[in-house]
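Encoded as structure tokens, the structure appears first; notes follow it.
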Amino acid sequence: MNTPSSRPVVLCLSGHDPSGGAGLQADIEALLAQGCHAAPAITALTVQDTVDVSDFRVLDRDWVLAQAHAIIADLPVAAVKLGMLGSVEMVDTVLEIMALLPGVPLVCDPVLRAGGGGALGKNEVGYAMRERLLPRATLATPNLPEARLLAELPEGSADQCAEKLLPFVEHLLITGGHGDEAEVHNRLYSRDGARQVFTCQRLPGSYHGSGCTLASTLAGRLALGERLDSAVRSALDYTWRTLRDAERPGRGQFVPRRLPLDFCA
């Protein structure tokens with residue numbers, strides 16, 4: 001029997017990862033796990049596996065706009081999750097899309113490098129994101145290396161990066177896990193001076209798609225109406241569990257298990 005959907009819709013503007021570990025597949029799986037409906041619009045195609053990215057192609061802006069317009073005209077978008085853009089032109093394309101969604105929360109995952117270290121855009125993309133896109137975002141979720149790129153502080157601490165970036169974005173979640181500390185520290189900064197630190201046990205191994213998982217989950221929690229600080233805690237807890245249960249389908253990094261094994265049973 002057909003029934004009206006009560007699941008909130010999250011528009012995902014992200015790249016496609018053929019390995020299935022990151023990008024739009026990560027978005028879809030994470031949002032399903034939150035009880036949301038993912039509406040994915042592809043921004044870029046990549047050639048990558050669980051080891052690293054070797055090439056990418058940003059889609060023509062008219063194609064991205066057409067996808068987004070079709071979604072917005074048909075579905076009640078409750079939140080937007082932003083992933084790989086890959087070009088300054090795509091930054092402007094996203095701003096044009098967001099102009100159609102006043103008041104809708106935007107979670108920006110500034111995907112500038114793949115987990116294996118390969119670049120997913122030129123340096124000017126990070127500058128354009130900081131100057132033009134972060135002011136529209138509800139929350140940005142860079143890891144520390146991405147925060148340093150955005151802040152143009154090659155050796156900066158999380159606190160130093162936040163000081164540089166908070167004039168551009170209202171809330172900033174800088175994730176840890178890139179050092180050798182026993183505990184991972186994830187730091188939430190707000191422009192009003194509030195700060196929270198969320199710690200979790202460090203897990204062994206490296207992971208492909210953890211940032212996508214976190215940002216998508218955050219967008220889903222906001223779409224469900226959860227307060228931002230609570231949404232951050234929920235998303236961090238869920239992401240940690242997906243990493244704890246991760247699997248290694250290929251020769252490279254582990255892939256988060258975002259859905260239970262019996263999801264389709």
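Each chain in the structure tokens gets a letter, A, B, ..., in the order shown, and its residues are numbered from 1; ligands are numbered from 1 in order too.
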Write out as an mmCIF file with N, CA and C atoms, in the first residue's frame each polymer residue whose atoms come within 12 Å of Cys12 in chain A, counting only C-alpha atoms; drop sequence neighbours fewer than 4 positions from it.
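Final output, selection22.cif:
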```cif
data_model
loop_
_atom_site.group_PDB
_atom_site.id
_atom_site.type_symbol
_atom_site.label_atom_id
_atom_site.label_comp_id
_atom_site.auth_asym_id
_atom_site.auth_seq_id
_atom_site.Cartn_x
_atom_site.Cartn_y
_atom_site.Cartn_z
ATOM 1 N N HIS A 16 30.486 11.455 -6.974
ATOM 2 C CA HIS A 16 30.271 10.010 -7.035
ATOM 3 C C HIS A 16 31.593 9.286 -6.850
ATOM 4 N N GLY A 23 31.363 9.842 -0.822
ATOM 5 C CA GLY A 23 30.489 10.508 -1.785
ATOM 6 C C GLY A 23 29.018 10.202 -1.580
ATOM 7 N N LEU A 24 28.290 10.188 -2.676
ATOM 8 C CA LEU A 24 26.837 10.083 -2.601
ATOM 9 C C LEU A 24 26.358 8.778 -1.987
ATOM 10 N N GLN A 25 27.072 7.674 -2.208
ATOM 11 C CA GLN A 25 26.625 6.423 -1.583
ATOM 12 C C GLN A 25 26.721 6.521 -0.070
ATOM 13 N N ALA A 26 27.785 7.157 0.423
ATOM 14 C CA ALA A 26 27.891 7.374 1.868
ATOM 15 C C ALA A 26 26.736 8.243 2.362
ATOM 16 N N ASP A 27 26.431 9.295 1.620
ATOM 17 C CA ASP A 27 25.316 10.172 1.993
ATOM 18 C C ASP A 27 24.008 9.390 2.101
ATOM 19 N N ILE A 28 23.721 8.609 1.073
ATOM 20 C CA ILE A 28 22.452 7.884 1.025
ATOM 21 C C ILE A 28 22.340 6.912 2.188
ATOM 22 N N GLU A 29 23.395 6.130 2.423
ATOM 23 C CA GLU A 29 23.347 5.131 3.483
ATOM 24 C C GLU A 29 23.204 5.787 4.855
ATOM 25 N N ALA A 30 23.980 6.837 5.100
ATOM 26 C CA ALA A 30 23.922 7.500 6.407
ATOM 27 C C ALA A 30 22.549 8.121 6.645
ATOM 28 N N LEU A 31 21.982 8.710 5.618
ATOM 29 C CA LEU A 31 20.668 9.342 5.779
ATOM 30 C C LEU A 31 19.564 8.308 5.959
ATOM 31 N N CYS A 36 15.876 9.372 7.180
ATOM 32 C CA CYS A 36 15.654 10.453 6.223
ATOM 33 C C CYS A 36 15.635 9.910 4.795
ATOM 34 N N HIS A 37 15.152 10.744 3.891
ATOM 35 C CA HIS A 37 15.154 10.431 2.466
ATOM 36 C C HIS A 37 16.240 11.259 1.798
ATOM 37 N N ALA A 38 17.202 10.602 1.163
ATOM 38 C CA ALA A 38 18.278 11.299 0.464
ATOM 39 C C ALA A 38 17.862 11.600 -0.963
ATOM 40 N N ALA A 39 18.059 12.859 -1.369
ATOM 41 C CA ALA A 39 17.824 13.276 -2.751
ATOM 42 C C ALA A 39 19.169 13.690 -3.336
ATOM 43 N N PRO A 40 19.885 12.768 -3.996
ATOM 44 C CA PRO A 40 21.265 13.038 -4.416
ATOM 45 C C PRO A 40 21.366 13.705 -5.780
ATOM 46 N N ALA A 41 22.139 14.775 -5.837
ATOM 47 C CA ALA A 41 22.465 15.448 -7.090
ATOM 48 C C ALA A 41 23.983 15.401 -7.268
ATOM 49 N N ILE A 42 24.442 14.816 -8.363
ATOM 50 C CA ILE A 42 25.871 14.599 -8.579
ATOM 51 C C ILE A 42 26.544 15.892 -9.014
ATOM 52 N N THR A 43 27.631 16.244 -8.331
ATOM 53 C CA THR A 43 28.412 17.424 -8.702
ATOM 54 C C THR A 43 29.663 17.060 -9.488
ATOM 55 N N VAL A 64 24.066 20.204 -13.023
ATOM 56 C CA VAL A 64 23.873 20.231 -11.570
ATOM 57 C C VAL A 64 22.644 21.065 -11.215
ATOM 58 N N GLN A 67 19.469 19.093 -12.026
ATOM 59 C CA GLN A 67 19.180 18.083 -11.005
ATOM 60 C C GLN A 67 18.551 18.726 -9.769
ATOM 61 N N ALA A 68 19.174 19.795 -9.282
ATOM 62 C CA ALA A 68 18.693 20.448 -8.069
ATOM 63 C C ALA A 68 17.311 21.050 -8.268
ATOM 64 N N ILE A 71 14.641 18.400 -8.074
ATOM 65 C CA ILE A 71 14.401 17.958 -6.701
ATOM 66 C C ILE A 71 13.590 19.000 -5.939
ATOM 67 N N ILE A 72 14.027 20.259 -6.016
ATOM 68 C CA ILE A 72 13.381 21.318 -5.237
ATOM 69 C C ILE A 72 11.939 21.534 -5.676
ATOM 70 N N VAL A 77 12.510 20.000 0.628
ATOM 71 C CA VAL A 77 13.870 19.856 1.140
ATOM 72 C C VAL A 77 13.966 20.455 2.543
ATOM 73 N N ALA A 78 14.386 19.621 3.506
ATOM 74 C CA ALA A 78 14.479 20.057 4.899
ATOM 75 C C ALA A 78 15.904 20.412 5.310
ATOM 76 N N ALA A 79 16.893 19.953 4.551
ATOM 77 C CA ALA A 79 18.291 20.275 4.829
ATOM 78 C C ALA A 79 19.095 19.960 3.581
ATOM 79 N N VAL A 80 20.304 20.523 3.515
ATOM 80 C CA VAL A 80 21.201 20.290 2.382
ATOM 81 C C VAL A 80 22.544 19.849 2.931
ATOM 82 N N LYS A 81 23.091 18.802 2.319
ATOM 83 C CA LYS A 81 24.446 18.351 2.651
ATOM 84 C C LYS A 81 25.327 18.586 1.444
ATOM 85 N N LEU A 82 26.455 19.213 1.693
ATOM 86 C CA LEU A 82 27.373 19.571 0.613
ATOM 87 C C LEU A 82 28.660 18.786 0.753
ATOM 88 N N GLY A 83 29.090 18.151 -0.350
ATOM 89 C CA GLY A 83 30.343 17.410 -0.367
ATOM 90 C C GLY A 83 31.297 17.980 -1.390
ATOM 91 N N MET A 84 31.839 17.116 -2.241
ATOM 92 C CA MET A 84 32.853 17.543 -3.206
ATOM 93 C C MET A 84 32.279 18.513 -4.232
ATOM 94 N N LEU A 85 32.999 19.610 -4.466
ATOM 95 C CA LEU A 85 32.639 20.571 -5.502
ATOM 96 C C LEU A 85 33.662 20.547 -6.632
ATOM 97 N N VAL A 94 26.349 26.179 -6.323
ATOM 98 C CA VAL A 94 25.699 25.830 -5.064
ATOM 99 C C VAL A 94 25.031 27.054 -4.442
ATOM 100 N N ILE A 97 21.789 27.577 -6.048
ATOM 101 C CA ILE A 97 20.805 26.602 -5.575
ATOM 102 C C ILE A 97 20.289 26.986 -4.195
ATOM 103 N N MET A 98 21.184 27.374 -3.301
ATOM 104 C CA MET A 98 20.775 27.716 -1.938
ATOM 105 C C MET A 98 19.891 28.954 -1.895
ATOM 106 N N LEU A 106 22.270 24.197 5.954
ATOM 107 C CA LEU A 106 23.273 23.658 5.048
ATOM 108 C C LEU A 106 24.463 23.168 5.860
ATOM 109 N N VAL A 107 24.796 21.897 5.709
ATOM 110 C CA VAL A 107 25.988 21.323 6.314
ATOM 111 C C VAL A 107 27.040 21.191 5.227
ATOM 112 N N CYS A 108 28.157 21.861 5.415
ATOM 113 C CA CYS A 108 29.209 21.916 4.401
ATOM 114 C C CYS A 108 30.386 21.050 4.830
ATOM 115 N N ASP A 109 30.603 19.970 4.099
ATOM 116 C CA ASP A 109 31.790 19.145 4.284
ATOM 117 C C ASP A 109 32.800 19.593 3.235
ATOM 118 N N CYS A 212 32.209 12.102 4.975
ATOM 119 C CA CYS A 212 30.908 12.116 4.301
ATOM 120 C C CYS A 212 29.827 11.582 5.238
ATOM 121 N N THR A 213 30.166 10.510 5.942
ATOM 122 C CA THR A 213 29.214 9.900 6.868
ATOM 123 C C THR A 213 28.800 10.885 7.946
ATOM 124 N N ALA A 215 29.015 14.295 7.995
ATOM 125 C CA ALA A 215 28.283 15.460 7.499
ATOM 126 C C ALA A 215 26.864 15.094 7.089
ATOM 127 N N SER A 216 26.688 13.955 6.446
ATOM 128 C CA SER A 216 25.347 13.520 6.039
ATOM 129 C C SER A 216 24.463 13.259 7.250
ATOM 130 N N THR A 217 25.043 12.608 8.254
ATOM 131 C CA THR A 217 24.279 12.336 9.464
ATOM 132 C C THR A 217 23.865 13.632 10.146
ATOM 133 N N ALA A 219 23.356 16.538 8.690
ATOM 134 C CA ALA A 219 22.269 17.122 7.909
ATOM 135 C C ALA A 219 20.951 16.421 8.199
ATOM 136 N N GLY A 220 21.009 15.110 8.343
ATOM 137 C CA GLY A 220 19.800 14.357 8.658
ATOM 138 C C GLY A 220 19.242 14.706 10.021
#
```
What gap, in Å, lies between CA of Ser206 in chain A and CA of Gln253 in chain A? 5.5 Å
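The smallest atom-to-atom distance between Leu173 in chain A and any of A:Thr141, A:Gln201, A:Thr50, A:Pro154, using only C-alpha atoms, is found for A:Thr141.
Residues within 7 Å of Ala22 in chain A, counting only C-alpha atoms and excluding same-chain residues fewer than 5 positions away, are A:Asp17, A:His208, A:Gly209, A:Cys212.
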When DSSP is applied to the backbone of this structure, which of range 51-258 of chain A are assigned helix (DSSP H, G or I)? Write them out as a count of residues only. 86
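Nearest residue to Pro102 in chain A among A:Gly250, A:Leu65, A:Ala137, A:Pro8 is A:Ala137, counting only C-alpha atoms.
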